[in-house]
$ cat model.pdb   # PDB, C-alpha atoms
ATOM      1  CA  LEU A   1     -45.131   4.026   1.677
ATOM      2  CA  ALA A   2     -42.083   5.469  -0.074
ATOM      3  CA  PRO A   3     -39.137   7.793   0.597
ATOM      4  CA  SER A   4     -39.984  11.481   0.576
ATOM      5  CA  ALA A   5     -38.965  13.756  -2.310
ATOM      6  CA  ARG A   6     -35.266  14.574  -1.937
ATOM      7  CA  PHE A   7     -31.983  15.383  -3.670
ATOM      8  CA  GLY A   8     -28.318  14.816  -2.866
ATOM      9  CA  HIS A   9     -29.094  11.358  -1.459
ATOM     10  CA  CYS A  10     -27.181   8.070  -1.687
ATOM     11  CA  ALA A  11     -28.390   5.163  -3.787
ATOM     12  CA  CYS A  12     -27.063   1.755  -4.816
ATOM     13  CA  VAL A  13     -28.287  -1.598  -6.155
ATOM     14  CA  TYR A  14     -27.494  -4.859  -4.364
ATOM     15  CA  GLY A  15     -29.059  -8.290  -4.772
ATOM     16  CA  GLY A  16     -31.821  -7.060  -7.069
ATOM     17  CA  ARG A  17     -32.848  -4.307  -4.639
ATOM     18  CA  LEU A  18     -32.469  -0.527  -4.762
ATOM     19  CA  TYR A  19     -31.320   1.177  -1.570
ATOM     20  CA  VAL A  20     -31.729   4.906  -0.853
ATOM     21  CA  TRP A  21     -30.331   6.799   2.127
ATOM     22  CA  GLY A  22     -30.050  10.431   3.281
ATOM     23  CA  GLY A  23     -30.430  13.539   1.179
ATOM     24  CA  GLN A  24     -32.085  16.940   1.455
ATOM     25  CA  CYS A  25     -35.858  17.332   1.431
ATOM     26  CA  GLU A  26     -37.689  20.571   0.640
ATOM     27  CA  ARG A  27     -37.283  22.179   4.066
ATOM     28  CA  GLU A  28     -35.132  19.772   6.076
ATOM     29  CA  LEU A  29     -32.682  16.920   5.861
ATOM     30  CA  ALA A  30     -34.061  13.462   5.224
ATOM     31  CA  ASP A  31     -34.001  11.164   8.228
ATOM     32  CA  THR A  32     -31.454   8.395   8.689
ATOM     33  CA  ALA A  33     -33.691   5.496   7.678
ATOM     34  CA  LEU A  34     -32.549   3.282   4.803
ATOM     35  CA  TRP A  35     -35.147   2.584   2.119
ATOM     36  CA  GLU A  36     -35.270  -0.659   0.136
ATOM     37  CA  CYS A  37     -37.122  -1.334  -3.128
ATOM     38  CA  ALA A  38     -37.436  -4.893  -4.500
ATOM     39  CA  LEU A  39     -36.750  -4.371  -8.205
ATOM     40  CA  LEU A  40     -37.317  -7.973  -9.294
ATOM     41  CA  THR A  41     -40.729  -8.514  -7.672
ATOM     42  CA  ASP A  42     -43.349  -5.913  -6.770
ATOM     43  CA  CYS A  43     -41.110  -2.786  -6.738
ATOM     44  CA  ARG A  44     -42.561  -1.770  -3.392
ATOM     45  CA  TRP A  45     -40.618   0.336  -0.928
ATOM     46  CA  ARG A  46     -39.784  -0.786   2.587
ATOM     47  CA  ARG A  47     -38.335   1.341   5.373
ATOM     48  CA  LEU A  48     -35.387  -0.215   7.255
ATOM     49  CA  ASP A  49     -34.900   1.432  10.628
ATOM     50  CA  ALA A  50     -31.345   2.476  11.453
ATOM     51  CA  VAL A  51     -29.374   0.205  13.814
ATOM     52  CA  GLY A  52     -25.800   0.566  15.053
ATOM     53  CA  ALA A  53     -23.426   3.500  14.481
ATOM     54  CA  VAL A  54     -25.710   5.318  12.052
ATOM     55  CA  PRO A  55     -24.417   8.400  10.176
ATOM     56  CA  THR A  56     -26.150  11.621  11.131
ATOM     57  CA  ALA A  57     -28.560  13.136   8.615
ATOM     58  CA  ARG A  58     -26.765  14.689   5.639
ATOM     59  CA  TYR A  59     -26.825  15.268   1.906
ATOM     60  CA  GLY A  60     -24.135  15.103  -0.772
ATOM     61  CA  ALA A  61     -22.405  12.057   0.728
ATOM     62  CA  ALA A  62     -20.400   9.779  -1.558
ATOM     63  CA  CYS A  63     -21.533   6.167  -1.641
ATOM     64  CA  VAL A  64     -20.860   2.805  -3.286
ATOM     65  CA  ALA A  65     -21.816  -0.843  -2.750
ATOM     66  CA  VAL A  66     -19.187  -3.601  -2.616
ATOM     67  CA  PRO A  67     -20.983  -6.911  -3.328
ATOM     68  CA  GLU A  68     -17.957  -9.046  -2.359
ATOM     69  CA  GLN A  69     -18.117  -7.606   1.154
ATOM     70  CA  HIS A  70     -21.945  -7.296   1.292
ATOM     71  CA  LEU A  71     -21.402  -3.676   2.322
ATOM     72  CA  PHE A  72     -22.760  -0.246   1.385
ATOM     73  CA  TYR A  73     -20.239   2.547   2.078
ATOM     74  CA  VAL A  74     -21.068   6.194   2.797
ATOM     75  CA  PHE A  75     -18.391   8.889   3.063
ATOM     76  CA  GLY A  76     -18.573  12.570   3.988
ATOM     77  CA  GLY A  77     -21.553  14.710   3.204
ATOM     78  CA  CYS A  78     -22.921  17.976   4.576
ATOM     79  CA  ASP A  79     -25.696  18.963   6.999
ATOM     80  CA  GLY A  80     -25.901  22.605   5.938
ATOM     81  CA  SER A  81     -23.484  23.774   8.637
ATOM     82  CA  ASN A  82     -20.557  21.352   8.429
ATOM     83  CA  SER A  83     -18.896  18.950   6.035
ATOM     84  CA  PHE A  84     -17.881  15.493   7.255
ATOM     85  CA  ALA A  85     -14.857  13.224   6.739
ATOM     86  CA  SER A  86     -16.167  10.022   8.312
ATOM     87  CA  LEU A  87     -16.608   6.693   6.520
ATOM     88  CA  PHE A  88     -19.499   4.379   7.424
ATOM     89  CA  HIS A  89     -20.691   1.084   6.066
ATOM     90  CA  TYR A  90     -23.983  -0.784   6.186
ATOM     91  CA  HIS A  91     -23.958  -4.604   6.114
ATOM     92  CA  PHE A  92     -26.781  -5.994   3.987
ATOM     93  CA  GLY A  93     -26.781  -9.291   5.903
ATOM     94  CA  THR A  94     -26.830  -8.044   9.497
ATOM     95  CA  ARG A  95     -28.498  -4.690   8.611
ATOM     96  CA  LEU A  96     -26.063  -2.976  10.923
ATOM     97  CA  TRP A  97     -24.336   0.382  10.459
ATOM     98  CA  SER A  98     -20.684   0.738  11.549
ATOM     99  CA  LEU A  99     -18.154   3.554  11.640
ATOM    100  CA  VAL A 100     -14.900   2.646   9.899
ATOM    101  CA  PRO A 101     -12.037   3.690  12.222
ATOM    102  CA  SER A 102      -9.272   5.777  10.675
ATOM    103  CA  SER A 103      -6.332   7.625  12.217
ATOM    104  CA  SER A 104      -5.983   9.878   9.180
ATOM    105  CA  GLY A 105      -7.812  10.349   5.937
ATOM    106  CA  PRO A 106      -9.337  12.802   3.485
ATOM    107  CA  ALA A 107     -10.380  16.278   4.562
ATOM    108  CA  PRO A 108     -14.095  16.919   5.204
ATOM    109  CA  ARG A 109     -16.075  17.231   1.972
ATOM    110  CA  TYR A 110     -19.355  16.653   0.198
ATOM    111  CA  LEU A 111     -20.294  16.006  -3.446
ATOM    112  CA  ALA A 112     -17.277  13.712  -3.857
ATOM    113  CA  LEU A 113     -17.298  10.464  -5.824
ATOM    114  CA  LEU A 114     -16.670   7.008  -4.363
ATOM    115  CA  ALA A 115     -15.863   4.001  -6.566
ATOM    116  CA  VAL A 116     -14.698   0.399  -6.205
ATOM    117  CA  ARG A 117     -11.239  -0.769  -7.248
ATOM    118  CA  PRO A 118     -11.781  -4.511  -7.751
ATOM    119  CA  PRO A 119     -12.064  -6.605  -5.870
ATOM    120  CA  ALA A 120     -12.852  -4.576  -2.745
ATOM    121  CA  SER A 121     -10.820  -1.359  -2.286
ATOM    122  CA  LEU A 122     -12.440   2.083  -2.391
ATOM    123  CA  LEU A 123     -11.365   5.132  -4.387
ATOM    124  CA  LEU A 124     -12.459   8.621  -3.305
ATOM    125  CA  HIS A 125     -11.993  11.603  -5.605
ATOM    126  CA  GLY A 126     -12.857  15.287  -5.504
ATOM    127  CA  GLY A 127     -15.555  16.990  -3.492
ATOM    128  CA  LYS A 128     -16.055  20.378  -1.898
ATOM    129  CA  ASN A 129     -15.600  21.747   1.610
ATOM    130  CA  LEU A 130     -18.541  23.728   2.954
ATOM    131  CA  ILE A 131     -16.527  26.010   5.269
ATOM    132  CA  ASP A 132     -13.796  27.334   2.976
ATOM    133  CA  THR A 133     -15.611  26.401  -0.301
ATOM    134  CA  ARG A 134     -12.399  24.721  -1.473
ATOM    135  CA  ILE A 135     -12.816  22.206  -4.299
ATOM    136  CA  HIS A 136     -10.655  19.095  -3.895
ATOM    137  CA  ALA A 137      -8.773  17.285  -6.662
ATOM    138  CA  ASP A 138      -7.086  14.616  -4.545
ATOM    139  CA  LEU A 139      -7.464  10.832  -4.826
ATOM    140  CA  HIS A 140      -7.618   8.548  -1.785
ATOM    141  CA  ILE A 141      -7.612   4.751  -1.489
ATOM    142  CA  PHE A 142      -9.339   2.907   1.348
ATOM    143  CA  GLN A 143      -8.153  -0.652   1.848
ATOM    144  CA  SER A 144      -9.514  -2.931   4.571
ATOM    145  CA  PRO A 145      -7.880  -6.194   5.694
ATOM    146  CA  LEU A 146     -10.605  -8.068   3.793
ATOM    147  CA  SER A 147      -9.998  -6.098   0.611
ATOM    148  CA  ALA A 148      -6.251  -6.740   0.891
ATOM    149  CA  GLN A 149      -6.961 -10.464   1.290
ATOM    150  CA  LEU A 150      -9.255 -10.505  -1.745
ATOM    151  CA  GLU A 151      -6.729  -8.614  -3.852
ATOM    152  CA  GLN A 152      -3.991 -11.072  -2.836
ATOM    153  CA  GLN A 153      -6.223 -13.981  -3.857
ATOM    154  CA  GLN A 154      -6.951 -12.312  -7.190
ATOM    155  CA  LEU A 155      -3.234 -11.761  -7.777
ATOM    156  CA  GLN A 156      -2.486 -15.417  -7.047
ATOM    157  CA  LEU A 157      -5.174 -16.500  -9.529
ATOM    158  CA  GLN A 158      -3.691 -14.223 -12.199
ATOM    159  CA  LEU A 159      -0.201 -15.632 -11.613
ATOM    160  CA  GLU A 160      -1.539 -19.188 -11.805
ATOM    161  CA  ARG A 161      -3.311 -18.425 -15.106
ATOM    162  CA  GLN A 162      -0.112 -16.923 -16.517
ATOM    163  CA  ARG A 163       1.853 -20.015 -15.440
ATOM    164  CA  GLN A 164      -0.676 -22.298 -17.134
ATOM    165  CA  GLN A 165      -0.544 -20.226 -20.338
ATOM    166  CA  GLN A 166       3.261 -20.340 -20.397
ATOM    167  CA  LEU A 167       3.191 -24.110 -19.878
ATOM    168  CA  GLN A 168       0.723 -24.557 -22.735
ATOM    169  CA  GLN A 169       2.873 -22.403 -25.026
ATOM    170  CA  GLN A 170       5.978 -24.450 -24.173
ATOM    171  CA  GLN A 171       4.142 -27.708 -24.877
ATOM    172  CA  GLN A 172       2.858 -26.365 -28.197
ATOM    173  CA  GLN A 173       6.329 -25.240 -29.265
ATOM    174  CA  GLN A 174       7.724 -28.641 -28.334
ATOM    175  CA  ARG A 175       5.114 -30.391 -30.475
ATOM    176  CA  LEU A 176       5.950 -28.148 -33.430
ATOM    177  CA  ARG A 177       9.653 -28.951 -33.124
ATOM    178  CA  SER A 178       9.033 -32.712 -32.919
ATOM    179  CA  PRO A 179       5.994 -33.684 -35.031
ATOM    180  CA  ARG A 180       4.834 -37.294 -35.129
ATOM    181  CA  GLY A 181       6.487 -39.493 -37.801
ATOM    182  CA  GLY A 182       9.915 -37.874 -37.777
ATOM    183  CA  GLN A 183      11.706 -34.557 -38.094
ATOM    184  CA  ARG A 184      11.498 -31.872 -40.732
ATOM    185  CA  ASP A 185      14.579 -30.621 -42.516
ATOM    186  CA  PRO A 186      14.875 -27.030 -43.777
ATOM    187  CA  SER A 187      13.305 -28.035 -47.127
ATOM    188  CA  GLY A 188      10.089 -28.982 -45.374
ATOM    189  CA  LEU A 189      10.395 -32.708 -46.121
ATOM    190  CA  THR A 190       9.858 -35.251 -43.375
ATOM    191  CA  LEU A 191      12.884 -37.410 -42.632
ATOM    192  CA  LEU A 192      11.660 -40.811 -41.543
ATOM    193  CA  HIS A 193      13.564 -43.062 -39.159
ATOM    194  CA  GLY A 194      13.735 -46.828 -38.864
ATOM    195  CA  GLU A 195      13.382 -49.798 -41.176
ATOM    196  CA  ASN A 196      10.912 -48.125 -43.511
ATOM    197  CA  SER A 197      13.289 -45.270 -44.265
ATOM    198  CA  ARG A 198      16.126 -47.657 -45.134
ATOM    199  CA  GLN A 199      13.884 -49.654 -47.457
ATOM    200  CA  SER A 200      12.662 -46.508 -49.203
ATOM    201  CA  THR A 201      16.210 -45.285 -49.679
ATOM    202  CA  ALA A 202      17.335 -48.614 -51.059
ATOM    203  CA  ALA A 203      14.428 -48.753 -53.469
ATOM    204  CA  GLY A 204      14.994 -45.188 -54.678
ATOM    205  CA  HIS A 205      18.749 -45.497 -55.126
ATOM    206  CA  PRO A 206      19.894 -49.002 -56.255
TER     207      PRO A 206
END
$ encode --input "model.pdb" --output "structure tokens"
Amino acid sequence: LAPSARFGHCACVYGGRLYVWGGQCERELADTALWECALLTDCRWRRLDAVGAVPTARYGAACVAVPEQHLFYVFGGCDGSNSFASLFHYHFGTRLWSLVPSSSGPAPRYLALLAVRPPASLLLHGGKNLIDTRIHADLHIFQSPLSAQLEQQQLQLQLERQRQQQLQQQQQQQRLRSPRGGQRDPSGLTLLHGENSRQSTAAGHP
């Protein structure tokens, strides 16, 4: 049991498993089942039946996995008659497909590229429209409430690291200005303080 021969399909790796969805077979579109291959064990394929708001059959869709969200995103694609502009995601935990609501977004297209902007935003670039054959050069950013929250957390961690580094630098500079045993004059000699310094001076200069 394995996915049929196809091209223009979506694929990603998550949790040591390869996932394949969609594409164009020799005479027809591939069905909407998601295929899973366990790469770290027996490398056998398993068919996962579609549940939820499943994308219709298509090829040339852009896709990417976001491990922090446990999601596999699919955007656009083409069924031979129309290009699409919808964004879907599949949750690896619940195994449920969902349509991502959007009031506005990129124009319909296929053969675009989808990438992750850490920690969890999506970048969509390029693609082609089937109807007017126009090739796109635009860049779009998808940001969910969860991705915004993760990015805010990452920013706070970066600011905290910078604060710690600045504090360490200030402490190091303070130690250099006031070394143990006394102070250094411009000649580089240590000027001692206290009883020992007075005795040394008296002994050196009667």
$ closest_residue --input "model.pdb" --among "A:Arg109, A:Arg27, A:His70, A:Arg6" --to "A:Tyr90" --atoms "all atoms listed in the file"
A:His70
$ closest_residue --input "model.pdb" --among "A:Trp45, A:Phe92, A:Trp97, A:Phe7" --to "A:Tyr59" --atoms "only C-alpha atoms"
A:Phe7
$ resolve_selection --input "model.pdb" --expression "the PyMOL selection byres ((chain A and resi 14-25) around 9)" --output "number ranges by chain"
A: 3-13, 26-40, 43, 56-61, 65-67, 70, 72, 79, 92
$ closest_residue --input "model.pdb" --among "A:Leu111, A:Leu87, A:Gly80, A:Gln156" --to "A:Arg134" --atoms "only C-alpha atoms"
A:Leu111
$ atom_distance --input "model.pdb" --atom1 "atom CA of A:Ala120" --atom2 "atom CA of A:Leu157"
15.7 Å
$ closest_residue --input "model.pdb" --among "A:Arg47, A:His140, A:His91, A:Arg161" --to "A:Pro106" --atoms "all atoms listed in the file"
A:His140
$ closest_residue --input "model.pdb" --among "A:Gly52, A:Gly127, A:Gly93, A:Pro101" --to "A:Leu114" --atoms "only C-alpha atoms"
A:Gly127
$ atom_distance --input "model.pdb" --atom1 "atom CA of A:Gln174" --atom2 "atom CA of A:Glu160"
21.2 Å
$ residues_around --input "model.pdb" --residues "A:Ile135" --least-positions-apart "6" --cutoff "12 Å" --atoms "all atoms listed in the file" --output "JSON list (two decimals) with C-alpha atoms, in the frame of the given file"
[["chain", "number", "residue", "atom", "x", "y", "z"],
["A", 107, "ALA", "CA", -10.38, 16.28, 4.56],
["A", 108, "PRO", "CA", -14.10, 16.92, 5.20],
["A", 109, "ARG", "CA", -16.08, 17.23, 1.97],
["A", 110, "TYR", "CA", -19.36, 16.65, 0.20],
["A", 111, "LEU", "CA", -20.29, 16.01, -3.45],
["A", 112, "ALA", "CA", -17.28, 13.71, -3.86],
["A", 125, "HIS", "CA", -11.99, 11.60, -5.60],
["A", 126, "GLY", "CA", -12.86, 15.29, -5.50],
["A", 127, "GLY", "CA", -15.56, 16.99, -3.49],
["A", 128, "LYS", "CA", -16.06, 20.38, -1.90],
["A", 129, "ASN", "CA", -15.60, 21.75, 1.61]]
$ closest_residue --input "model.pdb" --among "A:Gln166, A:Gln158, A:Gln172, A:Ser98" --to "A:Val51" --atoms "only C-alpha atoms"
A:Ser98
